[in-house]
$ cat upload_36.pdb   # PDB, C-alpha atoms
ATOM      1  CA  MET K   4     -53.374-191.155 110.045
ATOM      2  CA  ILE K   5     -52.650-193.214 113.134
ATOM      3  CA  ILE K   6     -55.526-191.673 115.131
ATOM      4  CA  ASP K   7     -58.074-193.207 112.771
ATOM      5  CA  GLU K   8     -56.662-196.652 113.450
ATOM      6  CA  LEU K   9     -57.333-196.513 117.185
ATOM      7  CA  GLY K  10     -60.051-198.784 118.553
ATOM      8  CA  ILE K  11     -62.996-197.605 120.573
ATOM      9  CA  SER K  12     -61.401-198.250 123.973
ATOM     10  CA  GLN K  13     -58.228-196.392 123.029
ATOM     11  CA  LYS K  14     -60.237-193.463 121.665
ATOM     12  CA  ILE K  15     -62.240-193.279 124.879
ATOM     13  CA  LYS K  16     -59.021-193.242 126.928
ATOM     14  CA  CYS K  17     -57.599-190.425 124.773
ATOM     15  CA  VAL K  18     -60.772-188.341 125.149
ATOM     16  CA  GLN K  19     -60.772-188.951 128.908
ATOM     17  CA  ASP K  20     -57.129-187.827 129.138
ATOM     18  CA  THR K  21     -57.979-184.614 127.300
ATOM     19  CA  LEU K  22     -61.060-184.049 129.447
ATOM     20  CA  TYR K  23     -58.948-184.534 132.559
ATOM     21  CA  VAL K  24     -56.567-181.744 131.528
ATOM     22  CA  ILE K  25     -59.149-179.202 130.302
ATOM     23  CA  SER K  26     -62.010-180.133 132.620
ATOM     24  CA  GLY K  27     -63.950-177.587 134.604
ATOM     25  CA  LYS K  28     -65.580-174.318 133.775
ATOM     26  CA  TRP K  29     -62.509-172.081 133.889
ATOM     27  CA  LYS K  30     -59.283-173.602 132.515
ATOM     28  CA  LEU K  31     -59.920-173.002 128.808
ATOM     29  CA  PRO K  32     -61.385-169.500 129.263
ATOM     30  CA  ILE K  33     -58.330-168.539 131.367
ATOM     31  CA  MET K  34     -55.892-169.882 128.748
ATOM     32  CA  LEU K  35     -57.864-168.077 126.059
ATOM     33  CA  ALA K  36     -57.743-164.810 128.017
ATOM     34  CA  ILE K  37     -53.969-165.089 128.558
ATOM     35  CA  SER K  38     -53.307-165.963 124.930
ATOM     36  CA  PHE K  39     -55.262-162.839 123.940
ATOM     37  CA  GLY K  40     -52.663-160.695 125.707
ATOM     38  CA  ASN K  41     -53.967-160.498 129.273
ATOM     39  CA  HIS K  42     -50.841-161.219 131.314
ATOM     40  CA  ARG K  43     -51.538-159.668 134.716
ATOM     41  CA  PHE K  44     -53.824-161.253 137.323
ATOM     42  CA  ARG K  45     -56.314-158.356 137.268
ATOM     43  CA  GLU K  46     -56.375-158.304 133.472
ATOM     44  CA  ILE K  47     -57.169-162.018 133.337
ATOM     45  CA  GLN K  48     -59.853-161.582 135.969
ATOM     46  CA  ARG K  49     -61.472-158.782 133.962
ATOM     47  CA  ALA K  50     -61.367-160.881 130.780
ATOM     48  CA  VAL K  51     -63.017-163.967 132.313
ATOM     49  CA  PRO K  52     -66.574-163.062 133.369
ATOM     50  CA  GLU K  53     -67.750-164.014 136.868
ATOM     51  CA  ILE K  54     -64.519-165.669 138.027
ATOM     52  CA  THR K  55     -63.618-164.910 141.654
ATOM     53  CA  THR K  56     -60.132-164.015 142.893
ATOM     54  CA  LYS K  57     -59.919-167.224 144.894
ATOM     55  CA  VAL K  58     -60.904-169.482 141.987
ATOM     56  CA  LEU K  59     -58.640-167.699 139.491
ATOM     57  CA  SER K  60     -55.722-168.042 141.890
ATOM     58  CA  LYS K  61     -56.316-171.778 142.318
ATOM     59  CA  GLU K  62     -56.827-172.405 138.596
ATOM     60  CA  LEU K  63     -53.627-170.535 137.674
ATOM     61  CA  LYS K  64     -51.694-172.727 140.127
ATOM     62  CA  ASP K  65     -53.189-175.874 138.552
ATOM     63  CA  LEU K  66     -52.405-174.676 135.031
ATOM     64  CA  GLU K  67     -48.844-173.860 136.080
ATOM     65  CA  ALA K  68     -48.451-177.322 137.640
ATOM     66  CA  ASN K  69     -49.640-178.891 134.377
ATOM     67  CA  ARG K  70     -47.141-176.743 132.461
ATOM     68  CA  LEU K  71     -49.842-175.051 130.441
ATOM     69  CA  VAL K  72     -49.224-171.609 131.936
ATOM     70  CA  ILE K  73     -45.899-169.988 132.833
ATOM     71  CA  ARG K  74     -45.707-167.654 135.839
ATOM     72  CA  LYS K  75     -42.877-165.154 135.761
ATOM     73  CA  VAL K  76     -41.932-162.957 138.712
ATOM     74  CA  TYR K  77     -40.113-159.722 137.852
ATOM     75  CA  ASP K  78     -37.715-158.393 140.455
ATOM     76  CA  THR K  79     -39.184-154.902 140.497
ATOM     77  CA  TYR K  80     -40.677-152.823 143.270
ATOM     78  CA  PRO K  81     -43.479-153.595 143.734
ATOM     79  CA  VAL K  82     -42.912-157.139 142.471
ATOM     80  CA  MET K  83     -44.630-157.707 139.123
ATOM     81  CA  ILE K  84     -46.057-161.102 138.161
ATOM     82  CA  GLU K  85     -46.940-162.025 134.610
ATOM     83  CA  TYR K  86     -48.633-165.108 133.213
ATOM     84  CA  SER K  87     -48.130-166.441 129.709
ATOM     85  CA  VAL K  88     -49.178-169.575 127.856
ATOM     86  CA  SER K  89     -46.571-172.286 127.346
ATOM     87  CA  PRO K  90     -45.675-173.762 123.952
ATOM     88  CA  TYR K  91     -47.513-176.874 125.143
ATOM     89  CA  CYS K  92     -50.662-174.848 125.750
ATOM     90  CA  LYS K  93     -50.483-173.709 122.135
ATOM     91  CA  SER K  94     -50.984-177.328 121.055
ATOM     92  CA  LEU K  95     -54.537-176.931 122.408
ATOM     93  CA  LYS K  96     -55.319-174.241 119.801
ATOM     94  CA  PRO K  97     -57.077-176.496 117.224
ATOM     95  CA  LEU K  98     -59.195-177.922 120.059
ATOM     96  CA  ILE K  99     -60.106-174.490 121.429
ATOM     97  CA  ASP K 100     -60.915-173.229 117.914
ATOM     98  CA  GLU K 101     -63.248-176.158 117.405
ATOM     99  CA  MET K 102     -64.919-175.500 120.776
ATOM    100  CA  VAL K 103     -65.449-171.853 119.814
ATOM    101  CA  ARG K 104     -66.962-172.946 116.505
ATOM    102  CA  TRP K 105     -69.260-175.547 118.050
ATOM    103  CA  GLY K 106     -70.358-173.220 120.876
ATOM    104  CA  PHE K 107     -71.087-170.474 118.366
ATOM    105  CA  ASN K 108     -73.279-172.745 116.216
ATOM    106  CA  HIS K 109     -74.917-174.244 119.309
ATOM    107  CA  ARG K 110     -76.061-170.771 120.377
ATOM    108  CA  LEU K 111     -77.506-170.144 116.902
ATOM    109  CA  LYS K 112     -79.306-173.498 117.015
ATOM    110  CA  ILE K 113     -80.804-172.819 120.438
ATOM    111  CA  LYS K 114     -82.124-169.456 119.199
ATOM    112  CA  GLU K 115     -83.727-171.199 116.194
ATOM    113  CA  ASP K 116     -85.600-173.726 118.356
TER     114      ASP K 116
ATOM    115  CA  MET Z 160     -64.530-167.084 108.573
ATOM    116  CA  ILE Z 161     -66.853-165.446 111.055
ATOM    117  CA  ILE Z 162     -65.386-167.320 114.063
ATOM    118  CA  ASP Z 163     -62.045-165.578 113.627
ATOM    119  CA  GLU Z 164     -63.728-162.210 113.893
ATOM    120  CA  LEU Z 165     -65.123-162.880 117.369
ATOM    121  CA  GLY Z 166     -63.647-160.906 120.254
ATOM    122  CA  ILE Z 167     -62.157-162.487 123.339
ATOM    123  CA  SER Z 168     -65.325-162.214 125.441
ATOM    124  CA  GLN Z 169     -67.460-163.809 122.719
ATOM    125  CA  LYS Z 170     -64.925-166.599 122.252
ATOM    126  CA  ILE Z 171     -64.921-167.295 125.984
ATOM    127  CA  LYS Z 172     -68.746-167.468 125.996
ATOM    128  CA  CYS Z 173     -68.699-169.935 123.064
ATOM    129  CA  VAL Z 174     -66.127-172.155 124.781
ATOM    130  CA  GLN Z 175     -68.145-172.063 128.016
ATOM    131  CA  ASP Z 176     -71.307-173.051 126.131
ATOM    132  CA  THR Z 177     -69.494-176.035 124.617
ATOM    133  CA  LEU Z 178     -67.989-177.002 127.974
ATOM    134  CA  TYR Z 179     -71.433-176.845 129.521
ATOM    135  CA  VAL Z 180     -72.806-179.395 127.035
ATOM    136  CA  ILE Z 181     -69.872-181.835 127.045
ATOM    137  CA  SER Z 182     -68.723-181.327 130.638
ATOM    138  CA  GLY Z 183     -68.030-184.194 132.964
ATOM    139  CA  LYS Z 184     -66.086-187.366 132.701
ATOM    140  CA  TRP Z 185     -68.644-189.469 130.869
ATOM    141  CA  LYS Z 186     -70.727-187.682 128.210
ATOM    142  CA  LEU Z 187     -68.190-187.810 125.379
ATOM    143  CA  PRO Z 188     -67.047-191.387 126.082
ATOM    144  CA  ILE Z 189     -70.698-192.512 126.094
ATOM    145  CA  MET Z 190     -71.447-190.751 122.790
ATOM    146  CA  LEU Z 191     -68.278-192.244 121.338
ATOM    147  CA  ALA Z 192     -69.281-195.735 122.491
ATOM    148  CA  ILE Z 193     -72.767-195.412 120.972
ATOM    149  CA  SER Z 194     -71.440-194.037 117.696
ATOM    150  CA  PHE Z 195     -69.130-197.070 117.515
ATOM    151  CA  GLY Z 196     -72.177-199.304 117.323
ATOM    152  CA  ASN Z 197     -72.954-200.054 120.971
ATOM    153  CA  HIS Z 198     -76.691-199.497 121.105
ATOM    154  CA  ARG Z 199     -77.839-201.507 124.125
ATOM    155  CA  PHE Z 200     -77.366-200.369 127.724
ATOM    156  CA  ARG Z 201     -75.100-203.302 128.623
ATOM    157  CA  GLU Z 202     -73.028-202.864 125.474
ATOM    158  CA  ILE Z 203     -72.450-199.194 126.264
ATOM    159  CA  GLN Z 204     -71.542-200.055 129.842
ATOM    160  CA  ARG Z 205     -68.995-202.620 128.664
ATOM    161  CA  ALA Z 206     -67.474-200.112 126.210
ATOM    162  CA  VAL Z 207     -67.014-197.321 128.777
ATOM    163  CA  PRO Z 208     -64.562-198.496 131.435
ATOM    164  CA  GLU Z 209     -65.442-198.042 135.092
ATOM    165  CA  ILE Z 210     -68.876-196.469 134.597
ATOM    166  CA  THR Z 211     -71.523-197.658 137.037
ATOM    167  CA  THR Z 212     -75.084-198.602 136.099
ATOM    168  CA  LYS Z 213     -76.477-195.674 138.070
ATOM    169  CA  VAL Z 214     -74.191-193.095 136.474
ATOM    170  CA  LEU Z 215     -74.710-194.439 132.949
ATOM    171  CA  SER Z 216     -78.460-194.343 133.443
ATOM    172  CA  LYS Z 217     -78.344-190.714 134.615
ATOM    173  CA  GLU Z 218     -75.972-189.600 131.849
ATOM    174  CA  LEU Z 219     -78.104-191.234 129.146
ATOM    175  CA  LYS Z 220     -81.135-189.322 130.459
ATOM    176  CA  ASP Z 221     -79.165-186.039 130.344
ATOM    177  CA  LEU Z 222     -77.927-186.741 126.823
ATOM    178  CA  GLU Z 223     -81.447-187.556 125.699
ATOM    179  CA  ALA Z 224     -82.786-184.325 127.260
ATOM    180  CA  ASN Z 225     -80.102-182.383 125.368
ATOM    181  CA  ARG Z 226     -81.109-184.139 122.148
ATOM    182  CA  LEU Z 227     -77.679-185.670 121.675
ATOM    183  CA  VAL Z 228     -78.854-189.248 122.144
ATOM    184  CA  ILE Z 229     -82.079-190.852 120.914
ATOM    185  CA  ARG Z 230     -83.727-193.574 123.021
ATOM    186  CA  LYS Z 231     -85.969-195.950 121.138
ATOM    187  CA  VAL Z 232     -88.233-198.501 122.807
ATOM    188  CA  TYR Z 233     -89.162-201.547 120.716
ATOM    189  CA  ASP Z 234     -92.503-203.142 121.422
ATOM    190  CA  THR Z 235     -91.129-206.662 121.785
ATOM    191  CA  TYR Z 236     -91.213-209.144 124.618
ATOM    192  CA  PRO Z 237     -89.121-208.516 126.600
ATOM    193  CA  VAL Z 238     -89.106-204.818 125.723
ATOM    194  CA  MET Z 239     -85.922-203.825 123.896
ATOM    195  CA  ILE Z 240     -84.378-200.395 124.296
ATOM    196  CA  GLU Z 241     -81.772-199.011 121.913
ATOM    197  CA  TYR Z 242     -79.765-195.834 122.045
ATOM    198  CA  SER Z 243     -78.388-194.030 119.009
ATOM    199  CA  VAL Z 244     -76.658-190.707 118.450
ATOM    200  CA  SER Z 245     -78.706-187.867 116.982
ATOM    201  CA  PRO Z 246     -77.730-185.900 113.857
ATOM    202  CA  TYR Z 247     -76.922-183.050 116.250
ATOM    203  CA  CYS Z 248     -74.499-185.261 118.154
ATOM    204  CA  LYS Z 249     -72.689-185.891 114.871
ATOM    205  CA  SER Z 250     -71.841-182.179 114.714
ATOM    206  CA  LEU Z 251     -69.526-182.881 117.672
ATOM    207  CA  LYS Z 252     -67.383-185.210 115.547
ATOM    208  CA  PRO Z 253     -64.635-182.710 114.606
ATOM    209  CA  LEU Z 254     -64.368-181.749 118.292
ATOM    210  CA  ILE Z 255     -64.203-185.363 119.471
ATOM    211  CA  ASP Z 256     -61.611-186.184 116.783
ATOM    212  CA  GLU Z 257     -59.468-183.299 117.976
ATOM    213  CA  MET Z 258     -59.804-184.474 121.590
ATOM    214  CA  VAL Z 259     -58.706-187.975 120.593
ATOM    215  CA  ARG Z 260     -55.708-186.505 118.762
ATOM    216  CA  TRP Z 261     -54.687-184.221 121.619
ATOM    217  CA  GLY Z 262     -55.146-186.928 124.267
ATOM    218  CA  PHE Z 263     -53.115-189.350 122.185
ATOM    219  CA  ASN Z 264     -50.214-186.908 121.828
ATOM    220  CA  HIS Z 265     -50.507-185.898 125.470
ATOM    221  CA  ARG Z 266     -49.982-189.505 126.528
ATOM    222  CA  LEU Z 267     -46.887-189.732 124.304
ATOM    223  CA  LYS Z 268     -45.564-186.504 125.785
ATOM    224  CA  ILE Z 269     -46.059-187.700 129.359
ATOM    225  CA  LYS Z 270     -44.165-190.900 128.560
ATOM    226  CA  GLU Z 271     -41.277-188.847 127.125
ATOM    227  CA  ASP Z 272     -40.934-186.682 130.246
TER     228      ASP Z 272
END

$ encode --input "upload_36.pdb" --output "structure tokens"
Amino acid sequence: MIIDELGISQKIKCVQDTLYVISGKWKLPIMLAISFGNHRFREIQRAVPEITTKVLSKELKDLEANRLVIRKVYDTYPVMIEYSVSPYCKSLKPLIDEMVRWGFNHRLKIKED
Amino acid sequence: MIIDELGISQKIKCVQDTLYVISGKWKLPIMLAISFGNHRFREIQRAVPEITTKVLSKELKDLEANRLVIRKVYDTYPVMIEYSVSPYCKSLKPLIDEMVRWGFNHRLKIKED
């Protein structure tokens, strides 16, 4: 596979690009919450522990700008807004799965120590 | 597998634990550089673009405290210090590989757009 042929400096650049997109405490948890079926602002906020309204609002705007989250406004009264994950966001699934796995084992390890 | 049986709130906690350990711009690139055979401070600094001496020094201390990097002092003259990755750090390999892969494809995608 082509990835294995990359040199150290290219690998570091790739990792830094990924870190740039998913960096921070909230982006991945928010995408995870949305992909689990939480589409309304309040639902997402309930699903992501400790996030404030202000931070969630800012993070959703960032995710939308990076085309990871899609914001849809329904022309109802009152106006209804729903968030969903983009097909591009779904490409992060193997990465998120691996982070869940590592975090899970890390917690077990810390308990052992 | 047990990971698939976790609920959304547990998955979010696992991801946040992982993010906490690998967060920031430098930790993964530094671990990658060391695992590629750069064991001396100056070698690591050359391998990680744009990192300053001060930041590298601080990050290495953090990584050592989290048992991801091992610092070994050789009783030579002048004293020689070498860094290596711990067995625990190696458990991050599948995650780092996936980040390389995603970052690589992300760069291709950005060029397409």

$ resolve_selection --input "upload_36.pdb" --expression "the ChimeraX specification (/Z :<6) & /K" --output "PDB file with C-alpha atoms, in the frame of the given file"
ATOM      1  CA  LYS K  14     -60.237-193.463 121.665  1.00  0.00           C
ATOM      2  CA  ILE K  15     -62.240-193.279 124.879  1.00  0.00           C
ATOM      3  CA  CYS K  17     -57.599-190.425 124.773  1.00  0.00           C
ATOM      4  CA  VAL K  18     -60.772-188.341 125.149  1.00  0.00           C
ATOM      5  CA  ASP K  20     -57.129-187.827 129.138  1.00  0.00           C
ATOM      6  CA  THR K  21     -57.979-184.614 127.300  1.00  0.00           C
ATOM      7  CA  PRO K  32     -61.385-169.500 129.263  1.00  0.00           C
ATOM      8  CA  LEU K  98     -59.195-177.922 120.059  1.00  0.00           C
ATOM      9  CA  GLU K 101     -63.248-176.158 117.405  1.00  0.00           C
ATOM     10  CA  MET K 102     -64.919-175.500 120.776  1.00  0.00           C
ATOM     11  CA  VAL K 103     -65.449-171.853 119.814  1.00  0.00           C
ATOM     12  CA  GLY K 106     -70.358-173.220 120.876  1.00  0.00           C
ATOM     13  CA  PHE K 107     -71.087-170.474 118.366  1.00  0.00           C
TER      14      PHE K 107
END

$ calpha_fit_and_write --input "upload_36.pdb" --fixed "chain K" --moving "chain Z" --output "CSV table (one decimal) with C-alpha atoms, keeping the file's coordinate frame"
chain,number,residue,atom,x,y,z
Z,160,MET,CA,-53.4,-191.2,110.0
Z,161,ILE,CA,-52.7,-193.2,113.1
Z,162,ILE,CA,-55.6,-191.7,115.1
Z,163,ASP,CA,-58.1,-193.2,112.8
Z,164,GLU,CA,-56.7,-196.7,113.4
Z,165,LEU,CA,-57.4,-196.5,117.2
Z,166,GLY,CA,-60.1,-198.8,118.5
Z,167,ILE,CA,-63.0,-197.6,120.5
Z,168,SER,CA,-61.5,-198.3,123.9
Z,169,GLN,CA,-58.3,-196.4,123.0
Z,170,LYS,CA,-60.3,-193.5,121.6
Z,171,ILE,CA,-62.3,-193.3,124.9
Z,172,LYS,CA,-59.0,-193.3,126.9
Z,173,CYS,CA,-57.6,-190.4,124.8
Z,174,VAL,CA,-60.8,-188.4,125.1
Z,175,GLN,CA,-60.8,-189.0,128.9
Z,176,ASP,CA,-57.1,-187.9,129.1
Z,177,THR,CA,-58.0,-184.6,127.3
Z,178,LEU,CA,-61.1,-184.1,129.5
Z,179,TYR,CA,-59.0,-184.6,132.5
Z,180,VAL,CA,-56.6,-181.8,131.5
Z,181,ILE,CA,-59.2,-179.2,130.3
Z,182,SER,CA,-62.0,-180.2,132.6
Z,183,GLY,CA,-63.9,-177.6,134.6
Z,184,LYS,CA,-65.6,-174.3,133.8
Z,185,TRP,CA,-62.5,-172.1,133.9
Z,186,LYS,CA,-59.3,-173.6,132.5
Z,187,LEU,CA,-59.9,-173.0,128.8
Z,188,PRO,CA,-61.4,-169.5,129.3
Z,189,ILE,CA,-58.3,-168.6,131.4
Z,190,MET,CA,-55.9,-169.9,128.8
Z,191,LEU,CA,-57.9,-168.1,126.1
Z,192,ALA,CA,-57.7,-164.8,128.0
Z,193,ILE,CA,-54.0,-165.1,128.6
Z,194,SER,CA,-53.3,-166.0,124.9
Z,195,PHE,CA,-55.3,-162.8,124.0
Z,196,GLY,CA,-52.7,-160.7,125.7
Z,197,ASN,CA,-54.0,-160.5,129.3
Z,198,HIS,CA,-50.9,-161.2,131.3
Z,199,ARG,CA,-51.6,-159.7,134.7
Z,200,PHE,CA,-53.8,-161.3,137.3
Z,201,ARG,CA,-56.3,-158.4,137.3
Z,202,GLU,CA,-56.4,-158.3,133.5
Z,203,ILE,CA,-57.2,-162.0,133.3
Z,204,GLN,CA,-59.9,-161.6,136.0
Z,205,ARG,CA,-61.5,-158.8,134.0
Z,206,ALA,CA,-61.4,-160.9,130.8
Z,207,VAL,CA,-63.0,-164.0,132.3
Z,208,PRO,CA,-66.6,-163.1,133.4
Z,209,GLU,CA,-67.7,-164.1,136.9
Z,210,ILE,CA,-64.5,-165.7,138.1
Z,211,THR,CA,-63.6,-164.9,141.7
Z,212,THR,CA,-60.1,-164.0,142.9
Z,213,LYS,CA,-59.9,-167.2,144.9
Z,214,VAL,CA,-60.9,-169.5,142.0
Z,215,LEU,CA,-58.6,-167.7,139.5
Z,216,SER,CA,-55.7,-168.0,141.9
Z,217,LYS,CA,-56.3,-171.8,142.3
Z,218,GLU,CA,-56.8,-172.4,138.6
Z,219,LEU,CA,-53.6,-170.5,137.7
Z,220,LYS,CA,-51.7,-172.7,140.1
Z,221,ASP,CA,-53.2,-175.9,138.6
Z,222,LEU,CA,-52.4,-174.7,135.0
Z,223,GLU,CA,-48.8,-173.9,136.1
Z,224,ALA,CA,-48.4,-177.3,137.7
Z,225,ASN,CA,-49.6,-178.9,134.4
Z,226,ARG,CA,-47.1,-176.8,132.5
Z,227,LEU,CA,-49.8,-175.0,130.5
Z,228,VAL,CA,-49.2,-171.6,131.9
Z,229,ILE,CA,-45.9,-170.0,132.8
Z,230,ARG,CA,-45.7,-167.6,135.8
Z,231,LYS,CA,-42.9,-165.1,135.8
Z,232,VAL,CA,-41.9,-162.9,138.7
Z,233,TYR,CA,-40.2,-159.7,137.8
Z,234,ASP,CA,-37.8,-158.3,140.4
Z,235,THR,CA,-39.2,-154.8,140.5
Z,236,TYR,CA,-40.8,-152.7,143.2
Z,237,PRO,CA,-43.6,-153.5,143.7
Z,238,VAL,CA,-43.0,-157.1,142.4
Z,239,MET,CA,-44.7,-157.7,139.1
Z,240,ILE,CA,-46.1,-161.1,138.2
Z,241,GLU,CA,-47.0,-162.0,134.6
Z,242,TYR,CA,-48.6,-165.1,133.2
Z,243,SER,CA,-48.1,-166.4,129.7
Z,244,VAL,CA,-49.2,-169.6,127.9
Z,245,SER,CA,-46.6,-172.3,127.4
Z,246,PRO,CA,-45.7,-173.8,124.0
Z,247,TYR,CA,-47.5,-176.9,125.2
Z,248,CYS,CA,-50.6,-174.8,125.8
Z,249,LYS,CA,-50.5,-173.7,122.1
Z,250,SER,CA,-51.0,-177.3,121.1
Z,251,LEU,CA,-54.5,-176.9,122.4
Z,252,LYS,CA,-55.3,-174.3,119.8
Z,253,PRO,CA,-57.0,-176.5,117.2
Z,254,LEU,CA,-59.2,-177.9,120.1
Z,255,ILE,CA,-60.1,-174.5,121.4
Z,256,ASP,CA,-60.9,-173.2,117.9
Z,257,GLU,CA,-63.2,-176.2,117.4
Z,258,MET,CA,-64.9,-175.5,120.8
Z,259,VAL,CA,-65.4,-171.8,119.8
Z,260,ARG,CA,-66.9,-172.9,116.5
Z,261,TRP,CA,-69.2,-175.5,118.1
Z,262,GLY,CA,-70.3,-173.2,120.9
Z,263,PHE,CA,-71.1,-170.5,118.4
Z,264,ASN,CA,-73.2,-172.7,116.2
Z,265,HIS,CA,-74.9,-174.2,119.3
Z,266,ARG,CA,-76.0,-170.8,120.4
Z,267,LEU,CA,-77.5,-170.1,116.9
Z,268,LYS,CA,-79.3,-173.4,117.0
Z,269,ILE,CA,-80.8,-172.8,120.4
Z,270,LYS,CA,-82.1,-169.4,119.2
Z,271,GLU,CA,-83.7,-171.1,116.2
Z,272,ASP,CA,-85.6,-173.7,118.3

$ resolve_selection --input "upload_36.pdb" --expression "the PyMOL selection byres ((chain Z and resi 228) around 10)" --output "ChimeraX atom specification"
/Z:189-190,193-194,219-227,229-231,242-248

$ residues_around --input "upload_36.pdb" --residues "Met83 (chain K)" --least-positions-apart "6" --cutoff "12 Å" --atoms "only C-alpha atoms" --output "compact mmCIF listing (two decimals) with C-alpha atoms, in the coordinates of the input"
# COMPACT_ATOMS: atom_id res chain seq x y z
CA HIS K 42 -50.84 -161.22 131.31
CA ARG K 43 -51.54 -159.67 134.72
CA PHE K 44 -53.82 -161.25 137.32
CA ARG K 45 -56.31 -158.36 137.27
CA ARG K 74 -45.71 -167.65 135.84
CA LYS K 75 -42.88 -165.15 135.76
CA VAL K 76 -41.93 -162.96 138.71
CA TYR K 77 -40.11 -159.72 137.85

$ atom_distance --input "upload_36.pdb" --atom1 "CA of Gln48 (chain K)" --atom2 "CA of Lys96 (chain K)"
21.0 Å

$ atom_distance --input "upload_36.pdb" --atom1 "CA of Glu202 (chain Z)" --atom2 "CA of Glu241 (chain Z)"
10.2 Å

$ atom_distance --input "upload_36.pdb" --atom1 "CA of Ile210 (chain Z)" --atom2 "CA of Ile240 (chain Z)"
19.0 Å

$ axis_aligned_box --input "upload_36.pdb" --around "region 223-233 of chain Z" --padding-each-side "8 Å" --output "AutoDock Vina command-line options"
--center_x -83.4 --center_y -192.0 --center_z 124.0 --size_x 27.5 --size_y 35.2 --size_z 22.5

$ build_atoms --input "upload_36.pdb" --residues "region 9-20 of chain K" --atoms "N, CA and C atoms" --output "PDB file, keeping the file's coordinate frame"
ATOM      1  N   LEU K   9     -57.113-196.148 115.797  1.00  0.00           N
ATOM      2  CA  LEU K   9     -57.333-196.513 117.185  1.00  0.00           C
ATOM      3  C   LEU K   9     -58.696-197.194 117.339  1.00  0.00           C
ATOM      4  N   GLY K  10     -58.773-198.140 118.257  1.00  0.00           N
ATOM      5  CA  GLY K  10     -60.051-198.784 118.553  1.00  0.00           C
ATOM      6  C   GLY K  10     -60.864-197.929 119.507  1.00  0.00           C
ATOM      7  N   ILE K  11     -62.082-198.370 119.724  1.00  0.00           N
ATOM      8  CA  ILE K  11     -62.996-197.605 120.573  1.00  0.00           C
ATOM      9  C   ILE K  11     -62.445-197.387 121.977  1.00  0.00           C
ATOM     10  N   SER K  12     -61.846-198.415 122.584  1.00  0.00           N
ATOM     11  CA  SER K  12     -61.401-198.250 123.973  1.00  0.00           C
ATOM     12  C   SER K  12     -60.218-197.299 124.055  1.00  0.00           C
ATOM     13  N   GLN K  13     -59.345-197.343 123.029  1.00  0.00           N
ATOM     14  CA  GLN K  13     -58.228-196.392 123.029  1.00  0.00           C
ATOM     15  C   GLN K  13     -58.719-194.964 122.809  1.00  0.00           C
ATOM     16  N   LYS K  14     -59.687-194.795 121.905  1.00  0.00           N
ATOM     17  CA  LYS K  14     -60.237-193.463 121.665  1.00  0.00           C
ATOM     18  C   LYS K  14     -60.870-192.884 122.933  1.00  0.00           C
ATOM     19  N   ILE K  15     -61.612-193.748 123.642  1.00  0.00           N
ATOM     20  CA  ILE K  15     -62.240-193.279 124.879  1.00  0.00           C
ATOM     21  C   ILE K  15     -61.177-192.851 125.884  1.00  0.00           C
ATOM     22  N   LYS K  16     -60.087-193.618 125.990  1.00  0.00           N
ATOM     23  CA  LYS K  16     -59.021-193.242 126.928  1.00  0.00           C
ATOM     24  C   LYS K  16     -58.408-191.898 126.547  1.00  0.00           C
ATOM     25  N   CYS K  17     -58.180-191.689 125.241  1.00  0.00           N
ATOM     26  CA  CYS K  17     -57.599-190.425 124.773  1.00  0.00           C
ATOM     27  C   CYS K  17     -58.510-189.239 125.119  1.00  0.00           C
ATOM     28  N   VAL K  18     -59.820-189.414 124.850  1.00  0.00           N
ATOM     29  CA  VAL K  18     -60.772-188.341 125.149  1.00  0.00           C
ATOM     30  C   VAL K  18     -60.799-188.066 126.654  1.00  0.00           C
ATOM     31  N   GLN K  19     -60.751-189.143 127.451  1.00  0.00           N
ATOM     32  CA  GLN K  19     -60.772-188.951 128.908  1.00  0.00           C
ATOM     33  C   GLN K  19     -59.511-188.233 129.403  1.00  0.00           C
ATOM     34  N   ASP K  20     -58.364-188.539 128.779  1.00  0.00           N
ATOM     35  CA  ASP K  20     -57.129-187.827 129.138  1.00  0.00           C
ATOM     36  C   ASP K  20     -57.258-186.333 128.842  1.00  0.00           C
TER      37      ASP K  20
END
